[in-house]
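Content type compact mmCIF, N, CA and C atoms, from the file coords02.txt:
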```
# COMPACT_ATOMS: atom_id res chain seq x y z
N MET A 21 88.22 11.24 73.33
CA MET A 21 86.96 11.88 73.13
C MET A 21 86.60 12.57 74.45
N GLY A 22 86.23 13.86 74.30
CA GLY A 22 85.93 14.62 75.48
C GLY A 22 84.45 14.58 75.83
N ILE A 23 84.13 15.20 76.90
CA ILE A 23 82.75 15.23 77.38
C ILE A 23 81.86 16.01 76.42
N TRP A 24 82.39 17.07 75.83
CA TRP A 24 81.60 17.88 74.89
C TRP A 24 81.30 17.13 73.61
N ASP A 25 82.24 16.31 73.16
CA ASP A 25 81.99 15.51 71.96
C ASP A 25 80.86 14.51 72.21
N THR A 26 80.84 13.93 73.39
CA THR A 26 79.80 12.98 73.73
C THR A 26 78.44 13.67 73.79
N ILE A 27 78.39 14.84 74.42
CA ILE A 27 77.13 15.58 74.52
C ILE A 27 76.65 15.99 73.13
N THR A 28 77.55 16.45 72.29
CA THR A 28 77.19 16.85 70.92
C THR A 28 76.64 15.66 70.14
N ASP A 29 77.27 14.50 70.27
CA ASP A 29 76.79 13.31 69.58
C ASP A 29 75.40 12.91 70.06
N LEU A 30 75.15 13.01 71.37
CA LEU A 30 73.83 12.67 71.92
C LEU A 30 72.77 13.65 71.42
N VAL A 31 73.10 14.93 71.37
CA VAL A 31 72.14 15.93 70.90
C VAL A 31 71.83 15.69 69.43
N GLU A 32 72.84 15.41 68.64
CA GLU A 32 72.62 15.15 67.21
C GLU A 32 71.77 13.90 67.00
N ALA A 33 71.96 12.92 67.80
CA ALA A 33 71.19 11.68 67.68
C ALA A 33 69.75 11.89 68.11
N ALA A 34 69.52 12.81 69.05
CA ALA A 34 68.17 13.03 69.56
C ALA A 34 67.33 13.90 68.64
N LYS A 35 67.96 14.68 67.77
CA LYS A 35 67.22 15.56 66.88
C LYS A 35 66.77 14.80 65.64
N PRO A 36 65.47 14.65 65.46
CA PRO A 36 65.00 13.93 64.28
C PRO A 36 65.05 14.81 63.01
N TRP A 37 65.18 16.10 63.16
CA TRP A 37 65.13 17.00 62.01
C TRP A 37 66.50 17.36 61.47
N THR A 38 67.54 16.69 61.91
CA THR A 38 68.88 17.05 61.45
C THR A 38 69.09 16.72 60.00
N THR A 39 68.47 15.66 59.52
CA THR A 39 68.61 15.33 58.11
C THR A 39 67.24 15.29 57.47
N ALA A 40 67.16 15.87 56.32
CA ALA A 40 65.89 15.89 55.60
C ALA A 40 65.96 14.90 54.46
N GLU A 41 65.07 13.94 54.51
CA GLU A 41 65.01 12.95 53.45
C GLU A 41 63.61 12.99 52.86
N ALA A 42 63.53 13.38 51.62
CA ALA A 42 62.23 13.47 50.97
C ALA A 42 62.39 13.04 49.52
N GLU A 43 61.32 12.53 49.00
CA GLU A 43 61.31 12.14 47.61
C GLU A 43 60.68 13.24 46.78
N ALA A 44 61.14 13.39 45.59
CA ALA A 44 60.56 14.38 44.69
C ALA A 44 59.17 13.92 44.28
N PRO A 45 58.24 14.86 44.13
CA PRO A 45 56.89 14.47 43.71
C PRO A 45 56.92 13.90 42.29
N ALA A 46 56.05 12.97 42.08
CA ALA A 46 55.97 12.35 40.76
C ALA A 46 55.49 13.37 39.73
N GLU A 47 56.11 13.35 38.60
CA GLU A 47 55.72 14.28 37.54
C GLU A 47 54.50 13.75 36.82
N GLU A 48 53.53 14.65 36.63
CA GLU A 48 52.33 14.28 35.91
C GLU A 48 52.54 14.58 34.44
N PRO A 49 52.09 13.70 33.59
CA PRO A 49 52.25 13.99 32.16
C PRO A 49 51.37 15.18 31.76
N GLN A 50 51.96 16.10 31.05
CA GLN A 50 51.22 17.29 30.62
C GLN A 50 50.69 17.08 29.22
N GLU A 51 49.45 17.52 29.06
CA GLU A 51 48.84 17.42 27.75
C GLU A 51 49.28 18.60 26.91
N GLU A 52 49.67 18.31 25.71
CA GLU A 52 50.08 19.39 24.82
C GLU A 52 48.86 19.90 24.07
N GLU A 53 48.65 21.22 24.17
CA GLU A 53 47.53 21.84 23.48
C GLU A 53 48.07 22.69 22.34
N GLN A 54 47.22 22.91 21.42
CA GLN A 54 47.58 23.79 20.32
C GLN A 54 47.69 25.21 20.85
N PRO A 55 48.64 26.02 20.36
CA PRO A 55 48.76 27.41 20.81
C PRO A 55 47.48 28.21 20.58
N GLU A 56 46.78 27.92 19.51
CA GLU A 56 45.54 28.65 19.21
C GLU A 56 44.48 28.36 20.27
N GLU A 57 44.42 27.09 20.73
CA GLU A 57 43.44 26.72 21.74
C GLU A 57 43.74 27.43 23.06
N LYS A 58 45.02 27.55 23.41
CA LYS A 58 45.41 28.23 24.64
C LYS A 58 45.01 29.70 24.58
N GLU A 59 45.27 30.34 23.46
CA GLU A 59 44.93 31.75 23.31
C GLU A 59 43.42 31.97 23.43
N GLU A 60 42.64 31.09 22.79
CA GLU A 60 41.19 31.21 22.86
C GLU A 60 40.69 31.05 24.29
N GLU A 61 41.26 30.08 25.02
CA GLU A 61 40.84 29.86 26.40
C GLU A 61 41.19 31.06 27.27
N GLU A 62 42.39 31.64 27.07
CA GLU A 62 42.82 32.80 27.84
C GLU A 62 41.91 33.99 27.56
N GLU A 63 41.55 34.20 26.30
CA GLU A 63 40.67 35.32 25.94
C GLU A 63 39.30 35.14 26.58
N GLU A 64 38.79 33.91 26.58
CA GLU A 64 37.48 33.66 27.17
C GLU A 64 37.52 33.91 28.68
N GLU A 65 38.62 33.50 29.33
CA GLU A 65 38.74 33.72 30.77
C GLU A 65 38.80 35.21 31.09
N GLU A 66 39.54 35.98 30.29
CA GLU A 66 39.65 37.42 30.50
C GLU A 66 38.30 38.09 30.31
N GLU A 67 37.55 37.68 29.29
CA GLU A 67 36.23 38.26 29.05
C GLU A 67 35.30 37.95 30.21
N GLU A 68 35.36 36.73 30.73
CA GLU A 68 34.51 36.36 31.85
C GLU A 68 34.86 37.19 33.08
N GLU A 69 36.16 37.41 33.33
CA GLU A 69 36.58 38.20 34.48
C GLU A 69 36.09 39.64 34.35
N ASP A 70 36.18 40.19 33.14
CA ASP A 70 35.76 41.56 32.92
C ASP A 70 34.26 41.72 33.13
N GLU A 71 33.49 40.74 32.72
CA GLU A 71 32.04 40.82 32.85
C GLU A 71 31.61 40.73 34.32
N ASP A 72 32.32 39.95 35.11
CA ASP A 72 31.93 39.73 36.49
C ASP A 72 32.25 40.93 37.38
N GLU A 73 33.31 41.67 37.09
CA GLU A 73 33.72 42.76 37.95
C GLU A 73 32.88 44.01 37.70
N PRO A 74 32.35 44.58 38.76
CA PRO A 74 31.63 45.85 38.60
C PRO A 74 32.62 46.99 38.40
N LYS A 75 32.18 48.03 37.74
CA LYS A 75 33.02 49.19 37.47
C LYS A 75 33.12 50.05 38.73
N ASP A 76 34.28 50.60 38.95
CA ASP A 76 34.52 51.46 40.11
C ASP A 76 34.10 52.88 39.77
N PRO A 77 33.07 53.41 40.44
CA PRO A 77 32.61 54.76 40.10
C PRO A 77 33.57 55.85 40.56
N LYS A 78 34.47 55.52 41.49
CA LYS A 78 35.41 56.51 42.02
C LYS A 78 36.29 57.07 40.91
N GLU A 79 36.79 56.21 40.04
CA GLU A 79 37.67 56.66 38.96
C GLU A 79 36.95 57.64 38.04
N GLN A 80 35.72 57.34 37.71
CA GLN A 80 34.94 58.23 36.84
C GLN A 80 34.69 59.57 37.51
N PHE A 81 34.29 59.55 38.79
CA PHE A 81 34.04 60.80 39.51
C PHE A 81 35.30 61.64 39.63
N GLU A 82 36.43 61.00 39.92
CA GLU A 82 37.69 61.75 40.06
C GLU A 82 38.10 62.36 38.73
N GLU A 83 37.91 61.63 37.65
CA GLU A 83 38.26 62.17 36.33
C GLU A 83 37.40 63.38 35.99
N GLU A 84 36.10 63.29 36.30
CA GLU A 84 35.21 64.43 36.07
C GLU A 84 35.63 65.62 36.93
N CYS A 85 36.01 65.35 38.17
CA CYS A 85 36.39 66.42 39.08
C CYS A 85 37.71 67.07 38.67
N LYS A 86 38.64 66.30 38.14
CA LYS A 86 39.92 66.87 37.69
C LYS A 86 39.69 67.93 36.62
N ASN A 87 38.68 67.72 35.81
CA ASN A 87 38.39 68.66 34.73
C ASN A 87 37.32 69.69 35.11
N SER A 88 36.88 69.67 36.36
CA SER A 88 35.83 70.60 36.78
C SER A 88 36.40 71.96 37.13
N LYS A 89 35.49 72.92 37.32
CA LYS A 89 35.88 74.28 37.67
C LYS A 89 36.55 74.33 39.04
N GLN A 90 36.12 73.45 39.93
CA GLN A 90 36.64 73.42 41.29
C GLN A 90 38.14 73.09 41.32
N CYS A 91 38.60 72.20 40.47
CA CYS A 91 40.00 71.79 40.46
C CYS A 91 40.80 72.44 39.34
N LEU A 92 40.22 73.42 38.68
CA LEU A 92 40.91 74.07 37.57
C LEU A 92 42.25 74.69 37.98
N PRO A 93 42.37 75.40 39.12
CA PRO A 93 43.68 75.96 39.48
C PRO A 93 44.75 74.88 39.70
N ALA A 94 44.40 73.79 40.37
CA ALA A 94 45.37 72.72 40.60
C ALA A 94 45.77 72.05 39.29
N LYS A 95 44.80 71.84 38.40
CA LYS A 95 45.12 71.24 37.10
C LYS A 95 45.99 72.17 36.28
N HIS A 96 45.73 73.46 36.34
CA HIS A 96 46.52 74.45 35.60
C HIS A 96 47.98 74.43 36.08
N HIS A 97 48.19 74.42 37.40
CA HIS A 97 49.55 74.38 37.94
C HIS A 97 50.25 73.08 37.55
N TYR A 98 49.53 71.97 37.60
CA TYR A 98 50.12 70.68 37.22
C TYR A 98 50.50 70.66 35.74
N ASP A 99 49.61 71.12 34.88
CA ASP A 99 49.90 71.15 33.45
C ASP A 99 51.09 72.05 33.13
N GLU A 100 51.16 73.21 33.79
CA GLU A 100 52.30 74.11 33.58
C GLU A 100 53.60 73.44 34.01
N CYS A 101 53.56 72.76 35.14
CA CYS A 101 54.76 72.09 35.64
C CYS A 101 55.20 70.98 34.68
N VAL A 102 54.26 70.20 34.20
CA VAL A 102 54.59 69.12 33.27
C VAL A 102 55.23 69.70 32.02
N GLU A 103 54.68 70.78 31.50
CA GLU A 103 55.24 71.41 30.31
C GLU A 103 56.65 71.93 30.58
N ARG A 104 56.83 72.56 31.74
CA ARG A 104 58.13 73.12 32.10
C ARG A 104 59.17 72.01 32.25
N VAL A 105 58.81 70.93 32.93
CA VAL A 105 59.75 69.82 33.14
C VAL A 105 60.05 69.11 31.83
N THR A 106 59.05 68.96 30.98
CA THR A 106 59.27 68.32 29.68
C THR A 106 60.24 69.14 28.84
N ASN A 107 60.05 70.44 28.81
CA ASN A 107 60.95 71.30 28.05
C ASN A 107 62.35 71.29 28.65
N ALA A 108 62.47 71.25 29.97
CA ALA A 108 63.77 71.21 30.61
C ALA A 108 64.48 69.89 30.35
N SER A 109 63.72 68.79 30.29
CA SER A 109 64.34 67.50 30.05
C SER A 109 64.87 67.41 28.62
N ASN A 110 64.24 68.12 27.69
CA ASN A 110 64.75 68.16 26.32
C ASN A 110 66.05 68.94 26.25
N ASP A 111 66.20 69.93 27.14
CA ASP A 111 67.43 70.72 27.17
C ASP A 111 68.51 70.06 28.01
N GLY A 112 68.16 69.04 28.78
CA GLY A 112 69.14 68.34 29.60
C GLY A 112 69.18 68.81 31.03
N GLU A 113 68.36 69.74 31.43
CA GLU A 113 68.35 70.24 32.80
C GLU A 113 67.04 69.83 33.48
N THR A 114 67.09 68.78 34.28
CA THR A 114 65.89 68.35 35.00
C THR A 114 66.22 68.19 36.48
N ASP A 115 65.99 69.24 37.25
CA ASP A 115 66.13 69.19 38.69
C ASP A 115 64.77 69.23 39.36
N GLU A 116 63.72 69.37 38.58
CA GLU A 116 62.38 69.56 39.11
C GLU A 116 61.50 68.40 38.70
N ASP A 117 60.56 68.08 39.58
CA ASP A 117 59.51 67.13 39.21
C ASP A 117 58.17 67.74 39.63
N CYS A 118 57.10 67.11 39.24
CA CYS A 118 55.77 67.68 39.47
C CYS A 118 54.98 66.87 40.50
N VAL A 119 55.67 66.26 41.43
CA VAL A 119 55.01 65.42 42.42
C VAL A 119 54.07 66.25 43.30
N GLU A 120 54.54 67.39 43.76
CA GLU A 120 53.72 68.21 44.64
C GLU A 120 52.45 68.68 43.92
N GLU A 121 52.60 69.13 42.70
CA GLU A 121 51.44 69.60 41.93
C GLU A 121 50.47 68.45 41.66
N PHE A 122 51.04 67.27 41.39
CA PHE A 122 50.21 66.10 41.14
C PHE A 122 49.37 65.76 42.37
N PHE A 123 50.01 65.78 43.54
CA PHE A 123 49.27 65.45 44.77
C PHE A 123 48.20 66.49 45.08
N HIS A 124 48.46 67.75 44.76
CA HIS A 124 47.43 68.77 44.96
C HIS A 124 46.23 68.50 44.06
N LEU A 125 46.50 68.12 42.82
CA LEU A 125 45.41 67.82 41.88
C LEU A 125 44.63 66.59 42.34
N VAL A 126 45.31 65.54 42.75
CA VAL A 126 44.63 64.32 43.19
C VAL A 126 43.83 64.58 44.46
N HIS A 127 44.38 65.38 45.36
CA HIS A 127 43.65 65.72 46.59
C HIS A 127 42.37 66.48 46.26
N CYS A 128 42.47 67.45 45.37
CA CYS A 128 41.30 68.21 44.97
C CYS A 128 40.24 67.29 44.34
N ALA A 129 40.69 66.41 43.46
CA ALA A 129 39.75 65.49 42.79
C ALA A 129 39.10 64.55 43.80
N SER A 130 39.86 64.08 44.78
CA SER A 130 39.31 63.19 45.79
C SER A 130 38.29 63.90 46.66
N GLN A 131 38.60 65.14 47.04
CA GLN A 131 37.68 65.92 47.87
C GLN A 131 36.38 66.19 47.11
N CYS A 132 36.49 66.45 45.83
CA CYS A 132 35.33 66.73 45.00
C CYS A 132 34.48 65.47 44.79
N ALA A 133 35.14 64.33 44.60
CA ALA A 133 34.44 63.09 44.26
C ALA A 133 33.82 62.40 45.47
N ALA A 134 34.32 62.68 46.67
CA ALA A 134 33.86 61.96 47.86
C ALA A 134 32.35 62.06 48.08
N PRO A 135 31.75 63.24 48.07
CA PRO A 135 30.29 63.28 48.31
C PRO A 135 29.49 62.55 47.23
N LYS A 136 29.95 62.64 46.00
CA LYS A 136 29.25 61.95 44.90
C LYS A 136 29.37 60.44 45.08
N LEU A 137 30.53 60.01 45.52
CA LEU A 137 30.77 58.58 45.68
C LEU A 137 29.91 58.00 46.81
N TRP A 138 29.79 58.71 47.92
CA TRP A 138 28.98 58.23 49.02
C TRP A 138 27.51 58.13 48.64
N SER A 139 27.07 59.01 47.75
CA SER A 139 25.67 58.94 47.35
C SER A 139 25.40 57.73 46.45
N VAL A 140 26.43 57.24 45.76
CA VAL A 140 26.27 56.09 44.85
C VAL A 140 26.45 54.77 45.59
N LEU A 141 27.38 54.73 46.54
CA LEU A 141 27.67 53.48 47.26
C LEU A 141 26.55 53.15 48.23
N LYS A 142 26.36 51.88 48.48
CA LYS A 142 25.30 51.44 49.40
C LYS A 142 25.92 50.93 50.66
```

Starting from the coordinates I provided, produce the structure as C-alpha cells.
Amino acid sequence: MGIWDTITDLVEAAKPWTTAEAEAPAEEPQEEEQPEEKEEEEEEEEEEEDEDEPKDPKEQFEEECKNSKQCLPAKHHYDECVERVTNASNDGETDEDCVEEFFHLVHCASQCAAPKLWSVLK
C-alpha cells in the first residue's frame, strides 16, 4: 500500500457526505373521489380564479388600435402578407413569413394604446 492509497482512504473516511443514506417518505393513503366530484371542484376553482383577476385593459386598447385609422396601413400590409403566404403554402412554395409585418402592426398598436393605458392605470 502506497502513500497515496493511505491519503485517499483518510480523505474518504473524513468525508461524511460520501454515502447518502435516506429513507423513503411514508406514503399517505389517498382518498378516492368520484370523477364527477373532481370535475365540479376544478370548475369551481377556475370560476373563483377568473372572478378574482382583474381584466387587463391593455389587450382591449391594443385590439381597438389595431383596427383604428392610425394602424390601418400596418394592418393592411400584414393582412396582404398573410394572404400571400397562405396562398403560397397551398402551392407548396413558402419562403416568406409575415414576422416583420406583424411586428410593425404590434408596434403601431402599442404606440396607440400607451397614452390610453396610462390614463386608466393608477

Could you list as a JSON list (two decimals) with N, CA and C atoms, keeping the file's coordinate frame every residue that has an atom within 8 Å of (38.7, 56.6, 46.5), using the file's coordinates and counting all atoms listed in the file?
```
[["chain", "number", "residue", "atom", "x", "y", "z"],
["A", 77, "PRO", "N", 33.07, 53.41, 40.44],
["A", 77, "PRO", "CA", 32.61, 54.76, 40.10],
["A", 77, "PRO", "C", 33.57, 55.85, 40.56],
["A", 78, "LYS", "N", 34.47, 55.52, 41.49],
["A", 78, "LYS", "CA", 35.41, 56.51, 42.02],
["A", 78, "LYS", "C", 36.29, 57.07, 40.91],
["A", 79, "GLU", "N", 36.79, 56.21, 40.04],
["A", 79, "GLU", "CA", 37.67, 56.66, 38.96],
["A", 79, "GLU", "C", 36.95, 57.64, 38.04],
["A", 130, "SER", "N", 39.86, 64.08, 44.78],
["A", 130, "SER", "CA", 39.31, 63.19, 45.79],
["A", 130, "SER", "C", 38.29, 63.90, 46.66],
["A", 133, "ALA", "N", 35.14, 64.33, 44.60],
["A", 133, "ALA", "CA", 34.44, 63.09, 44.26],
["A", 133, "ALA", "C", 33.82, 62.40, 45.47],
["A", 134, "ALA", "N", 34.32, 62.68, 46.67],
["A", 134, "ALA", "CA", 33.86, 61.96, 47.86],
["A", 134, "ALA", "C", 32.35, 62.06, 48.08]]
```

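Nearest residue to Ala94 of chain A among A:His127, A:Thr28, A:Ala34, A:Asp111 is A:His127, counting only C-alpha atoms.
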
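Interatomic distance, atom CA of Lys86 of chain A against atom CA of Ala129 of chain A: 5.3 Å.
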
* To do: Name all residues at most 12 Å from Glu120 of chain A (count only C-alpha atoms; drop same-chain ones fewer than 5 positions away) and give them as a ChimeraX atom specification.
  => /A:94-95,97-98,101-102,125-127

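Nearest to Asp99 of chain A of all the residues A:Glu113, A:Glu83, A:Glu121, A:Gly22 is A:Glu121, based on all atoms listed in the file.
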
Provide an axis-aligned box for all listed atoms of segment 76-93 of chain A, padding each side by 8 Å; report its centre and its edge lengths in Å to one decimal, as lines of an AutoDock Vina configuration file.
```
center_x = 38.7
center_y = 63.3
center_z = 38.4
size_x = 28.1
size_y = 41.4
size_z = 23.3
```

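Nearest residue to Val105 of chain A among A:Ala46, A:Val31, A:Leu92, A:Val119 is A:Val119, counting only C-alpha atoms.
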
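Between atom CA of Arg104 of chain A and atom CA of Phe123 of chain A there is a distance of 17.3 Å.
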